[in-house]
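**Student:** What follows is run-v6.pdb; its format and atoms are PDB, C-alpha atoms.
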```pdb
ATOM      1  CA  MET N   1     117.711 112.737  94.821
ATOM      2  CA  GLU N   2     116.968 110.161  92.136
ATOM      3  CA  GLY N   3     114.432 108.556  94.445
ATOM      4  CA  TRP N   4     112.271 111.639  94.129
ATOM      5  CA  LYS N   5     111.882 111.206  90.393
ATOM      6  CA  ASN N   6     108.975 109.437  88.695
ATOM      7  CA  ARG N   7     106.598 110.426  91.472
ATOM      8  CA  ARG N   8     103.300 112.186  91.210
ATOM      9  CA  ILE N   9     103.185 115.380  93.211
ATOM     10  CA  MET N  10     100.618 116.942  95.508
ATOM     11  CA  ARG N  11     101.020 120.687  95.575
ATOM     12  CA  LEU N  12      99.786 122.888  98.387
ATOM     13  CA  ALA N  13      99.062 126.538  97.765
ATOM     14  CA  ILE N  14     101.170 129.160  99.502
ATOM     15  CA  VAL N  15     100.386 129.603 103.187
ATOM     16  CA  ALA N  16     101.351 132.254 105.700
ATOM     17  CA  MET N  17     104.028 131.181 108.166
ATOM     18  CA  GLY N  18     102.581 133.099 111.097
ATOM     19  CA  GLY N  19     101.877 130.902 114.105
ATOM     20  CA  LEU N  20      98.122 130.762 113.594
ATOM     21  CA  ALA N  21      98.247 129.872 109.915
ATOM     22  CA  VAL N  22     100.817 127.153 110.382
ATOM     23  CA  GLY N  23      98.879 125.701 113.287
ATOM     24  CA  SER N  24      95.748 125.555 111.158
ATOM     25  CA  LEU N  25      97.734 124.042 108.313
ATOM     26  CA  ILE N  26      99.123 121.195 110.390
ATOM     27  CA  ILE N  27      95.814 120.360 112.007
ATOM     28  CA  GLY N  28      93.851 120.627 108.794
ATOM     29  CA  LEU N  29      93.163 124.227 107.782
ATOM     30  CA  GLY N  30      90.208 124.283 110.090
ATOM     31  CA  GLY N  31      90.287 128.016 110.629
ATOM     32  CA  ARG N  32      90.951 127.627 114.360
ATOM     33  CA  SER N  33      92.893 130.219 116.306
ATOM     34  CA  SER N  34      95.759 129.183 118.559
ATOM     35  CA  ALA N  35      93.491 129.725 121.569
ATOM     36  CA  THR N  36      91.251 126.850 120.411
ATOM     37  CA  LEU N  37      93.984 124.279 119.762
ATOM     38  CA  THR N  38      93.333 121.051 121.648
ATOM     39  CA  ALA N  39      95.968 119.472 123.839
ATOM     40  CA  ALA N  40      96.502 116.753 121.210
ATOM     41  CA  GLN N  41      96.994 119.346 118.484
ATOM     42  CA  ALA N  42      99.423 121.338 120.597
ATOM     43  CA  THR N  43     101.360 118.144 121.298
ATOM     44  CA  SER N  44     101.451 117.416 117.562
ATOM     45  CA  LEU N  45     102.968 120.829 116.877
ATOM     46  CA  SER N  46     105.532 120.416 119.644
ATOM     47  CA  ALA N  47     106.696 117.200 117.967
ATOM     48  CA  MET N  48     107.815 119.138 114.901
ATOM     49  CA  GLY N  49     111.096 120.884 114.165
ATOM     50  CA  SER N  50     112.258 124.098 112.510
ATOM     51  CA  VAL N  51     115.211 125.240 110.426
ATOM     52  CA  SER N  52     116.493 128.767 109.920
ATOM     53  CA  GLY N  53     119.619 130.196 108.410
ATOM     54  CA  THR N  54     121.549 132.601 106.247
ATOM     55  CA  VAL N  55     122.211 132.645 102.505
ATOM     56  CA  THR N  56     125.237 134.471 101.129
ATOM     57  CA  SER N  57     126.458 135.170  97.607
ATOM     58  CA  ALA N  58     129.180 137.091  95.811
ATOM     59  CA  ARG N  59     126.454 138.488  93.545
ATOM     60  CA  PRO N  60     123.299 140.344  94.625
ATOM     61  CA  PHE N  61     120.121 138.277  94.833
ATOM     62  CA  LYS N  62     116.579 138.748  96.033
ATOM     63  CA  ALA N  63     113.992 136.285  97.356
ATOM     64  CA  ALA N  64     116.105 133.174  96.799
ATOM     65  CA  GLN N  65     114.205 129.882  97.051
ATOM     66  CA  VAL N  66     115.303 127.545  99.827
ATOM     67  CA  TYR N  67     114.272 123.893  99.352
ATOM     68  CA  LEU N  68     114.064 121.555 102.340
ATOM     69  CA  ARG N  69     113.342 117.970 101.267
ATOM     70  CA  ASN N  70     112.316 115.408 103.865
ATOM     71  CA  VAL N  71     113.602 112.293 102.126
ATOM     72  CA  ASP N  72     111.950 109.945 104.645
ATOM     73  CA  LYS N  73     108.395 111.163 104.107
ATOM     74  CA  ARG N  74     108.796 112.535 100.548
ATOM     75  CA  ILE N  75     107.746 116.055 101.533
ATOM     76  CA  MET N  76     109.384 119.188 100.173
ATOM     77  CA  TYR N  77     109.114 122.570 101.838
ATOM     78  CA  MET N  78     110.112 125.761 100.054
ATOM     79  CA  VAL N  79     110.605 129.175 101.634
ATOM     80  CA  TYR N  80     111.975 132.481 100.363
ATOM     81  CA  THR N  81     114.834 134.487 101.790
ATOM     82  CA  ASN N  82     114.304 137.960 103.187
ATOM     83  CA  ALA N  83     117.494 140.039 103.281
ATOM     84  CA  GLY N  84     119.471 136.804 103.084
ATOM     85  CA  GLN N  85     117.662 135.163 106.013
ATOM     86  CA  PHE N  86     115.121 132.320 105.928
ATOM     87  CA  ARG N  87     113.095 130.113 108.249
ATOM     88  CA  SER N  88     110.928 127.054 107.807
ATOM     89  CA  VAL N  89     108.689 125.920 110.656
ATOM     90  CA  ALA N  90     106.543 122.921 111.624
ATOM     91  CA  LEU N  91     108.797 120.399 109.852
ATOM     92  CA  PHE N  92     108.373 116.683 110.302
ATOM     93  CA  PRO N  93     111.477 115.215 111.965
ATOM     94  CA  GLY N  94     113.707 113.251 109.624
ATOM     95  CA  ASN N  95     116.560 113.360 107.145
ATOM     96  CA  TYR N  96     116.659 116.459 104.971
ATOM     97  CA  GLU N  97     118.427 117.645 101.845
ATOM     98  CA  ILE N  98     118.630 121.433 101.807
ATOM     99  CA  SER N  99     119.620 123.707  98.935
ATOM    100  CA  VAL N 100     118.925 127.202  97.654
ATOM    101  CA  SER N 101     118.645 128.735  94.200
ATOM    102  CA  ALA N 102     118.089 132.148  92.670
ATOM    103  CA  LYS N 103     118.253 133.416  89.104
ATOM    104  CA  GLY N 104     121.584 132.235  87.719
ATOM    105  CA  LEU N 105     122.693 131.042  91.146
ATOM    106  CA  GLN N 106     122.590 127.775  93.052
ATOM    107  CA  SER N 107     124.097 126.097  96.083
ATOM    108  CA  ASP N 108     125.405 122.678  96.940
ATOM    109  CA  VAL N 109     123.074 120.298  98.786
ATOM    110  CA  GLN N 110     123.478 120.070 102.550
ATOM    111  CA  LYS N 111     122.276 117.047 104.479
ATOM    112  CA  LEU N 112     120.695 117.641 107.869
ATOM    113  CA  VAL N 113     118.857 115.556 110.461
ATOM    114  CA  VAL N 114     115.969 117.469 112.050
ATOM    115  CA  LYS N 115     114.821 116.120 115.412
ATOM    116  CA  THR N 116     111.737 116.854 117.474
ATOM    117  CA  GLY N 117     111.942 120.340 118.934
ATOM    118  CA  ASP N 118     115.097 121.183 116.944
ATOM    119  CA  ASN N 119     115.751 124.615 115.468
ATOM    120  CA  PRO N 120     119.172 124.315 113.812
ATOM    121  CA  LYS N 121     120.656 127.329 112.066
ATOM    122  CA  ILE N 122     122.586 126.691 108.875
ATOM    123  CA  SER N 123     124.521 128.701 106.301
ATOM    124  CA  LEU N 124     124.147 128.263 102.547
ATOM    125  CA  SER N 125     126.322 129.836  99.878
ATOM    126  CA  LEU N 126     125.144 130.653  96.356
ATOM    127  CA  ARG N 127     127.486 130.373  93.394
ATOM    128  CA  ASP N 128     127.177 130.895  89.669
ATOM    129  CA  ALA N 129     124.992 128.108  88.285
ATOM    130  CA  ALA N 130     127.379 127.758  85.326
ATOM    131  CA  SER N 131     130.133 126.564  87.670
ATOM    132  CA  GLY N 132     128.283 123.348  88.532
ATOM    133  CA  PRO N 133     125.508 121.092  87.269
ATOM    134  CA  ALA N 134     123.031 123.495  85.701
ATOM    135  CA  GLU N 135     119.922 123.891  87.844
ATOM    136  CA  ALA N 136     120.701 120.571  89.509
ATOM    137  CA  ASN N 137     118.764 121.322  92.671
ATOM    138  CA  THR N 138     115.740 123.118  91.338
ATOM    139  CA  LEU N 139     112.131 122.013  91.597
ATOM    140  CA  ALA N 140     111.910 121.672  87.818
ATOM    141  CA  ASN N 141     114.649 119.056  87.920
ATOM    142  CA  LEU N 142     112.937 117.170  90.718
ATOM    143  CA  GLU N 143     109.736 116.936  88.733
ATOM    144  CA  THR N 144     111.714 115.921  85.617
ATOM    145  CA  LEU N 145     109.018 117.573  83.546
ATOM    146  CA  ALA N 146     111.342 119.750  81.533
ATOM    147  CA  ASP N 147     112.971 116.698  79.954
ATOM    148  CA  ASN N 148     109.612 115.679  78.490
ATOM    149  CA  ARG N 149     108.472 119.053  77.206
ATOM    150  CA  VAL N 150     108.503 120.067  73.578
ATOM    151  CA  LYS N 151     111.299 122.490  72.741
ATOM    152  CA  VAL N 152     109.811 125.921  72.143
ATOM    153  CA  SER N 153     110.880 129.300  70.824
ATOM    154  CA  PHE N 154     110.093 132.535  72.620
ATOM    155  CA  ASP N 155     108.311 135.668  71.445
ATOM    156  CA  SER N 156     106.348 138.594  72.856
ATOM    157  CA  TYR N 157     102.761 138.152  74.004
ATOM    158  CA  ASP N 158     101.430 140.458  71.284
ATOM    159  CA  ASN N 159     103.248 138.535  68.558
ATOM    160  CA  ILE N 160     102.049 135.172  69.820
ATOM    161  CA  TYR N 161      98.490 136.433  70.336
ATOM    162  CA  PRO N 162      97.766 138.853  67.455
ATOM    163  CA  PRO N 163      94.428 140.714  67.271
ATOM    164  CA  GLY N 164      91.453 138.622  66.244
ATOM    165  CA  ALA N 165      87.920 137.725  67.265
ATOM    166  CA  GLY N 166      89.098 134.681  69.204
ATOM    167  CA  LYS N 167      91.788 136.425  71.257
ATOM    168  CA  ALA N 168      89.445 137.777  73.935
ATOM    169  CA  VAL N 169      87.679 134.397  74.096
ATOM    170  CA  ALA N 170      91.002 132.644  74.636
ATOM    171  CA  GLU N 171      92.003 135.091  77.357
ATOM    172  CA  ARG N 172      88.835 134.725  79.421
ATOM    173  CA  THR N 173      88.245 130.985  78.990
ATOM    174  CA  CYS N 174      91.577 129.273  78.246
ATOM    175  CA  ILE N 175      94.486 131.435  79.383
ATOM    176  CA  ILE N 176      92.879 132.272  82.722
ATOM    177  CA  CYS N 177      93.409 128.624  83.770
ATOM    178  CA  HIS N 178      96.060 127.158  81.474
ATOM    179  CA  GLY N 179      98.321 130.202  81.333
ATOM    180  CA  GLU N 180      99.616 132.006  78.283
ATOM    181  CA  ASN N 181     102.075 129.291  77.205
ATOM    182  CA  PHE N 182      99.778 126.274  76.918
ATOM    183  CA  LEU N 183      97.932 127.133  73.697
ATOM    184  CA  PRO N 184     100.894 128.229  71.528
ATOM    185  CA  SER N 185     102.935 125.228  72.649
ATOM    186  CA  GLN N 186     100.241 122.774  71.482
ATOM    187  CA  PRO N 187      99.709 123.346  67.716
ATOM    188  CA  GLY N 188      96.962 121.303  66.111
ATOM    189  CA  THR N 189      94.542 120.946  63.227
ATOM    190  CA  ALA N 190      90.935 122.135  63.339
ATOM    191  CA  ALA N 191      89.935 118.581  64.254
ATOM    192  CA  VAL N 192      92.387 118.573  67.176
ATOM    193  CA  TRP N 193      91.211 121.943  68.497
ATOM    194  CA  ASN N 194      87.578 120.872  68.170
ATOM    195  CA  ALA N 195      88.315 117.662  70.061
ATOM    196  CA  ARG N 196      89.976 119.645  72.825
ATOM    197  CA  LEU N 197      86.961 121.911  73.082
ATOM    198  CA  ASP N 198      84.614 118.906  73.050
ATOM    199  CA  TYR N 199      86.486 117.686  76.099
ATOM    200  CA  MET N 200      86.407 121.050  77.883
ATOM    201  CA  MET N 201      82.707 121.443  77.072
ATOM    202  CA  GLY N 202      81.929 117.932  78.341
ATOM    203  CA  LYS N 203      80.547 116.408  75.138
ATOM    204  CA  ALA N 204      80.742 112.947  76.694
ATOM    205  CA  ASN N 205      79.109 114.027  79.939
ATOM    206  CA  TRP N 206      75.577 113.499  78.671
ATOM    207  CA  ASP N 207      76.184 109.770  79.140
ATOM    208  CA  ARG N 208      78.549 109.733  82.119
ATOM    209  CA  SER N 209      79.955 111.914  84.864
ATOM    210  CA  ALA N 210      83.076 113.975  84.293
ATOM    211  CA  ASN N 211      86.286 111.997  84.733
ATOM    212  CA  ASN N 212      88.159 114.871  86.306
ATOM    213  CA  TYR N 213      88.077 118.512  87.303
ATOM    214  CA  ALA N 214      88.594 119.944  83.810
ATOM    215  CA  GLU N 215      86.174 117.870  81.760
ATOM    216  CA  GLY N 216      83.001 119.833  81.040
ATOM    217  CA  LEU N 217      84.292 122.986  82.713
ATOM    218  CA  LEU N 218      83.103 125.178  79.825
ATOM    219  CA  ASN N 219      79.598 123.742  79.979
ATOM    220  CA  TYR N 220      77.575 123.125  83.118
ATOM    221  CA  ARG N 221      80.294 122.658  85.731
ATOM    222  CA  ALA N 222      81.532 126.255  86.087
ATOM    223  CA  ASN N 223      79.053 129.066  85.685
ATOM    224  CA  GLN N 224      81.751 131.744  85.777
ATOM    225  CA  PHE N 225      82.649 130.971  82.155
ATOM    226  CA  ILE N 226      80.583 132.480  79.337
ATOM    227  CA  PHE N 227      81.101 130.385  76.216
ATOM    228  CA  SER N 228      78.595 130.689  73.385
ATOM    229  CA  ARG N 229      78.421 128.895  70.046
ATOM    230  CA  GLN N 230      79.876 132.003  68.400
ATOM    231  CA  ASP N 231      82.685 132.040  70.971
ATOM    232  CA  ARG N 232      83.585 128.494  70.015
ATOM    233  CA  GLU N 233      83.599 129.245  66.286
ATOM    234  CA  ASP N 234      85.761 132.326  66.825
ATOM    235  CA  LEU N 235      88.138 130.447  69.115
ATOM    236  CA  VAL N 236      88.654 127.490  66.771
ATOM    237  CA  ALA N 237      89.273 129.801  63.821
ATOM    238  CA  TYR N 238      91.779 131.797  65.865
ATOM    239  CA  MET N 239      93.585 128.674  67.078
ATOM    240  CA  VAL N 240      93.884 127.167  63.623
ATOM    241  CA  LYS N 241      95.128 130.436  62.164
ATOM    242  CA  ASN N 242      97.760 131.089  64.837
ATOM    243  CA  PHE N 243      98.452 127.659  66.369
ATOM    244  CA  GLY N 244      97.533 125.363  63.499
ATOM    245  CA  PRO N 245      99.379 122.390  62.001
ATOM    246  CA  GLY N 246     102.982 123.216  61.231
ATOM    247  CA  ALA N 247     103.099 126.160  63.656
ATOM    248  CA  THR N 248     106.261 126.406  65.733
ATOM    249  CA  PRO N 249     105.595 125.718  69.427
ATOM    250  CA  ARG N 250     106.165 128.993  71.270
ATOM    251  CA  ASN N 251     106.166 130.437  74.773
ATOM    252  CA  VAL N 252     105.756 134.026  75.879
ATOM    253  CA  ARG N 253     109.097 135.690  76.526
ATOM    254  CA  THR N 254     109.621 137.354  79.897
ATOM    255  CA  ASP N 255     110.889 140.852  79.130
ATOM    256  CA  GLN N 256     110.732 142.145  82.699
ATOM    257  CA  GLU N 257     111.100 140.229  85.936
ATOM    258  CA  PRO N 258     108.041 140.493  88.203
ATOM    259  CA  PRO N 259     108.530 142.567  91.368
ATOM    260  CA  LEU N 260     109.170 140.529  94.499
ATOM    261  CA  ASP N 261     108.198 141.643  97.990
ATOM    262  CA  GLU N 262     110.746 139.880 100.175
ATOM    263  CA  ALA N 263     109.051 140.955 103.394
ATOM    264  CA  LYS N 264     105.842 139.156 102.403
ATOM    265  CA  LEU N 265     107.450 136.187 100.669
ATOM    266  CA  GLY N 266     109.682 135.615 103.689
ATOM    267  CA  LYS N 267     106.559 134.879 105.766
ATOM    268  CA  ALA N 268     105.277 132.161 103.437
ATOM    269  CA  MET N 269     105.952 128.489 102.828
ATOM    270  CA  TYR N 270     105.089 126.072 100.033
ATOM    271  CA  MET N 271     104.722 122.341 100.579
ATOM    272  CA  GLU N 272     104.756 119.480  98.077
ATOM    273  CA  TYR N 273     103.898 115.859  98.722
ATOM    274  CA  TYR N 274     105.532 113.272  96.481
ATOM    275  CA  VAL N 275     103.038 110.468  96.001
ATOM    276  CA  PRO N 276     104.510 106.943  95.748
ATOM    277  CA  ALA N 277     104.372 105.308  92.338
ATOM    278  CA  ASP N 278     101.869 102.495  91.842
ATOM    279  CA  PRO N 279     103.239  98.954  92.347
ATOM    280  CA  PRO N 280     103.684  96.762  89.233
ATOM    281  CA  GLY N 281     100.340  95.546  87.923
ATOM    282  CA  GLN N 282      98.323  97.890  90.109
ATOM    283  CA  GLY N 283      96.749 101.342  89.731
ATOM    284  CA  GLY N 284      98.123 103.066  86.660
ATOM    285  CA  HIS N 285     100.261 100.002  85.916
ATOM    286  CA  ALA N 286      97.251  97.658  85.751
ATOM    287  CA  PRO N 287      96.773  95.844  82.412
ATOM    288  CA  GLU N 288      93.506  97.661  81.602
ATOM    289  CA  TYR N 289      95.375 100.967  81.441
ATOM    290  CA  ALA N 290      98.254  99.761  79.275
ATOM    291  CA  SER N 291      96.748 101.243  76.113
ATOM    292  CA  ALA N 292      96.387 104.616  77.867
ATOM    293  CA  GLY N 293     100.087 104.789  78.596
ATOM    294  CA  GLY N 294      99.836 103.645  82.204
ATOM    295  CA  GLU N 295     100.760 106.147  84.877
ATOM    296  CA  ARG N 296     101.198 108.991  82.409
ATOM    297  CA  GLY N 297      99.955 111.754  84.704
ATOM    298  CA  ARG N 298     101.774 113.018  87.772
ATOM    299  CA  ARG N 299      99.627 116.008  88.639
ATOM    300  CA  ILE N 300      97.705 115.993  91.915
ATOM    301  CA  GLN N 301      95.302 118.909  91.911
ATOM    302  CA  ASP N 302      92.864 120.603  94.312
ATOM    303  CA  VAL N 303      94.862 119.706  97.408
ATOM    304  CA  ARG N 304      92.924 119.813 100.687
ATOM    305  CA  PHE N 305      93.555 118.863 104.322
ATOM    306  CA  ASP N 306      91.085 117.035 106.525
ATOM    307  CA  ALA N 307      90.650 117.526 110.275
ATOM    308  CA  ASP N 308      93.219 114.799 110.991
ATOM    309  CA  GLY N 309      95.933 116.445 108.889
ATOM    310  CA  ASN N 310      95.696 114.010 105.962
ATOM    311  CA  VAL N 311      96.208 115.405 102.473
ATOM    312  CA  TRP N 312      93.560 114.781  99.798
ATOM    313  CA  GLY N 313      93.826 115.517  96.096
ATOM    314  CA  SER N 314      92.561 114.521  92.650
ATOM    315  CA  ASP N 315      95.051 112.433  90.685
ATOM    316  CA  ARG N 316      94.971 113.547  87.049
ATOM    317  CA  GLY N 317      96.965 110.584  85.832
ATOM    318  CA  VAL N 318      95.649 107.240  84.600
ATOM    319  CA  PRO N 319      93.324 106.202  86.139
ATOM    320  CA  ARG N 320      91.620 109.320  87.458
ATOM    321  CA  ARG N 321      91.140 108.975  91.182
ATOM    322  CA  LEU N 322      90.888 110.644  94.546
ATOM    323  CA  VAL N 323      93.936 109.992  96.712
ATOM    324  CA  LYS N 324      94.596 110.398 100.411
ATOM    325  CA  LEU N 325      98.122 110.844 101.736
ATOM    326  CA  ASN N 326      99.126 110.591 105.379
ATOM    327  CA  PRO N 327     102.078 113.006 105.612
ATOM    328  CA  ARG N 328     103.151 111.511 108.955
ATOM    329  CA  THR N 329     103.868 108.128 107.366
ATOM    330  CA  GLY N 330     103.973 108.800 103.603
ATOM    331  CA  GLU N 331     101.242 106.171 103.139
ATOM    332  CA  MET N 332      98.787 106.740 100.274
ATOM    333  CA  LYS N 333      95.292 105.370  99.764
ATOM    334  CA  GLU N 334      92.819 105.878  96.948
TER     335      GLU N 334
END
```
Let me see whether you can do it: turn the structure in this file into structure tokens.
**Tutor:**
Amino acid sequence: MEGWKNRRIMRLAIVAMGGLAVGSLIIGLGGRSSATLTAAQATSLSAMGSVSGTVTSARPFKAAQVYLRNVDKRIMYMVYTNAGQFRSVALFPGNYEISVSAKGLQSDVQKLVVKTGDNPKISLSLRDAASGPAEANTLANLETLADNRVKVSFDSYDNIYPPGAGKAVAERTCIICHGENFLPSQPGTAAVWNARLDYMMGKANWDRSANNYAEGLLNYRANQFIFSRQDREDLVAYMVKNFGPGATPRNVRTDQEPPLDEAKLGKAMYMEYYVPADPPGQGGHAPEYASAGGERGRRIQDVRFDADGNVWGSDRGVPRRLVKLNPRTGEMKE
């Protein structure tokens, strides 16, 4: 699985696995019903494969995550188990690595060749994660992001976000997008927090267009955010007081696991597209981006399908760009 590392990733939001939704997904999320599928589209679907199976464990588990990685096309599918059963449909034919994980549990990796029209049934067995390479087959390991993150301590939400004038501002403008762990894990001086807000408010956008989705979001680009001058003053003061220089990076501790509806999760599928790295001297590796750290970003955001089934997304690395990925071939264009 080393070949999957050091790749930028296109993430697709969760989609229903009912026949209509999957059909629309493969042909481009066009909102068509199965009755309106063209002959070419129906042929395209018939060229796919499926995998289903059973997951067992000596310990109870719920909604385990089954990962099916097409190593030929760099696509990963993820589905949940429902009462120990799972299915993944509309898979591109090819060589797959399949594994499953749940809290404190993991399986070995099985290799499988999926052919056109196939629907193989496989069995996977969960074991204690401590008995093998810890979390070796999880998505986090594939992304290799955890290795680069700052080590943090954990505390309750109320302790990390004490009362203050800037708390409500943070919740409705920052946390709603970045999540509750971003701010306390990024301590900074007043100058740093002001610079971050300058970026989010689009200070540079008077002279040029925004470089990416986030820049200027708190100004003219998203009218759902209310952010006044007083809001900014309150927010900066709150950040410096609670997440200022010298503050310990923290994350919010999970005290109670969220409820999982296996019946609903078992009808859904996630897909990720691993974008090839830029060749030497090109794209993010071009000399003009050397001072910016080259291909530092790996996040592909705002994923969309076109009518031909190609995947489009905004590359938040260096340089910022719009990329197009053909999932049938793995070819990427910008």
**Student:** Using atom CA of N:Asn326 and atom CA of N:Tyr270 as the two end points, give the distance in Å to one decimal.
**Tutor:**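 Interatomic distance here is 17.4 Å.
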**Student:** Pick out the residues sitting within 12 Å of N:Gly244, and hand them over as a PyMOL selection string; count all atoms listed in the file, and ignore anything fewer than 6 positions along from it in its own chain.
**Tutor:** chain N and resi 183-194+236-238
**Student:** Hey, can you check how far atom CA of N:Pro276 sits from atom CA of N:Arg87?
**Tutor:**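 Between atom CA of N:Pro276 and atom CA of N:Arg87 the gap works out to 27.7 Å.
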**Student:** Could you jot down the atom CA of N:Ser99 to atom CA of N:Asp72 separation for me, Å, one decimal place?
**Tutor:**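 Computing it gives 16.8 Å between the two atoms.
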**Student:** On this file, the PyMOL selection byres ((chain N and resi 61) around 9) gives some set of residues; write that set as a list in words.
**Tutor:** Thr56, Ser57, Arg59, Pro60, Lys62, Ala63, Ala64, Gly84, Ala102, Lys103 and Leu105 of chain N
**Student:** Assuming the chain letters and numbering stay as they are in my file, what does the PyMOL selection byres ((chain N and resi 161) around 10) actually select? List them as a PyMOL selection string.
**Tutor:** chain N and resi 155-160+162-164+166-168+170-171+180+183-184+238-239+242-243+252
**Student:** Would you please work out which residue, of N:Pro93, N:Met332, N:Asn205, N:Val55, is nearest to N:Pro279 when using all atoms listed in the file?
**Tutor:**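 Selected residue with least distance to N:Pro279: N:Met332.
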**Student:** With all atoms listed in the file as the atoms that count, which of N:Gly309, N:Pro245, N:Gly283, N:Gly317 lies nearest to N:Glu334?
**Tutor:**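 Between N:Gly309, N:Pro245, N:Gly283, N:Gly317, the residue approaching N:Glu334 most closely is N:Gly283.
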**Student:** I'd like to know which of N:Glu233, N:Gln65, N:Ser44, N:Thr54 is closest to N:Met269, using only C-alpha atoms.
**Tutor:**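 Checking each candidate against N:Met269, we get N:Gln65 as the closest.
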**Student:** Rank N:Arg250, N:Gln224, N:Phe182, N:Lys324 by their smallest atom-to-atom distance to N:Phe154, using all atoms listed in the file, and report the top residue only.
**Tutor:** N:Arg250
**Student:** Given the choices N:Gly117, N:Gly53, N:Gly330, N:Pro259, which gets closest to N:Ile98 if the distance is worked out from only C-alpha atoms?
**Tutor:**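 Going through N:Gly117, N:Gly53, N:Gly330, N:Pro259 one by one, the smallest distance to N:Ile98 is for N:Gly53.
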**Student:** Please, could N, CA and C atoms be added to stretch 233-245 of chain N and the result written as an mmCIF file, keeping the file's coordinate frame?
**Tutor:**
```cif
data_model
loop_
_atom_site.group_PDB
_atom_site.id
_atom_site.type_symbol
_atom_site.label_atom_id
_atom_site.label_comp_id
_atom_site.auth_asym_id
_atom_site.auth_seq_id
_atom_site.Cartn_x
_atom_site.Cartn_y
_atom_site.Cartn_z
ATOM 1 N N GLU N 233 83.213 129.094 67.690
ATOM 2 C CA GLU N 233 83.599 129.245 66.286
ATOM 3 C C GLU N 233 84.754 130.225 66.153
ATOM 4 N N ASP N 234 84.676 131.336 66.879
ATOM 5 C CA ASP N 234 85.761 132.326 66.825
ATOM 6 C C ASP N 234 87.052 131.760 67.389
ATOM 7 N N LEU N 235 86.941 130.995 68.480
ATOM 8 C CA LEU N 235 88.138 130.447 69.115
ATOM 9 C C LEU N 235 88.816 129.417 68.229
ATOM 10 N N VAL N 236 88.052 128.511 67.639
ATOM 11 C CA VAL N 236 88.654 127.490 66.771
ATOM 12 C C VAL N 236 89.338 128.148 65.577
ATOM 13 N N ALA N 237 88.678 129.117 64.964
ATOM 14 C CA ALA N 237 89.273 129.801 63.821
ATOM 15 C C ALA N 237 90.575 130.494 64.212
ATOM 16 N N TYR N 238 90.585 131.096 65.382
ATOM 17 C CA TYR N 238 91.779 131.797 65.865
ATOM 18 C C TYR N 238 92.906 130.805 66.146
ATOM 19 N N MET N 239 92.575 129.679 66.762
ATOM 20 C CA MET N 239 93.585 128.674 67.078
ATOM 21 C C MET N 239 94.204 128.093 65.814
ATOM 22 N N VAL N 240 93.370 127.763 64.859
ATOM 23 C CA VAL N 240 93.884 127.167 63.623
ATOM 24 C C VAL N 240 94.746 128.161 62.865
ATOM 25 N N LYS N 241 94.357 129.412 62.873
ATOM 26 C CA LYS N 241 95.128 130.436 62.164
ATOM 27 C C LYS N 241 96.489 130.672 62.807
ATOM 28 N N ASN N 242 96.528 130.714 64.140
ATOM 29 C CA ASN N 242 97.760 131.089 64.837
ATOM 30 C C ASN N 242 98.521 129.907 65.424
ATOM 31 N N PHE N 243 97.819 128.827 65.761
ATOM 32 C CA PHE N 243 98.452 127.659 66.369
ATOM 33 C C PHE N 243 98.024 126.394 65.634
ATOM 34 N N GLY N 244 97.978 126.476 64.319
ATOM 35 C CA GLY N 244 97.533 125.363 63.499
ATOM 36 C C GLY N 244 98.653 124.388 63.198
ATOM 37 N N PRO N 245 98.366 123.396 62.348
ATOM 38 C CA PRO N 245 99.379 122.390 62.001
ATOM 39 C C PRO N 245 100.591 123.051 61.357
#
```
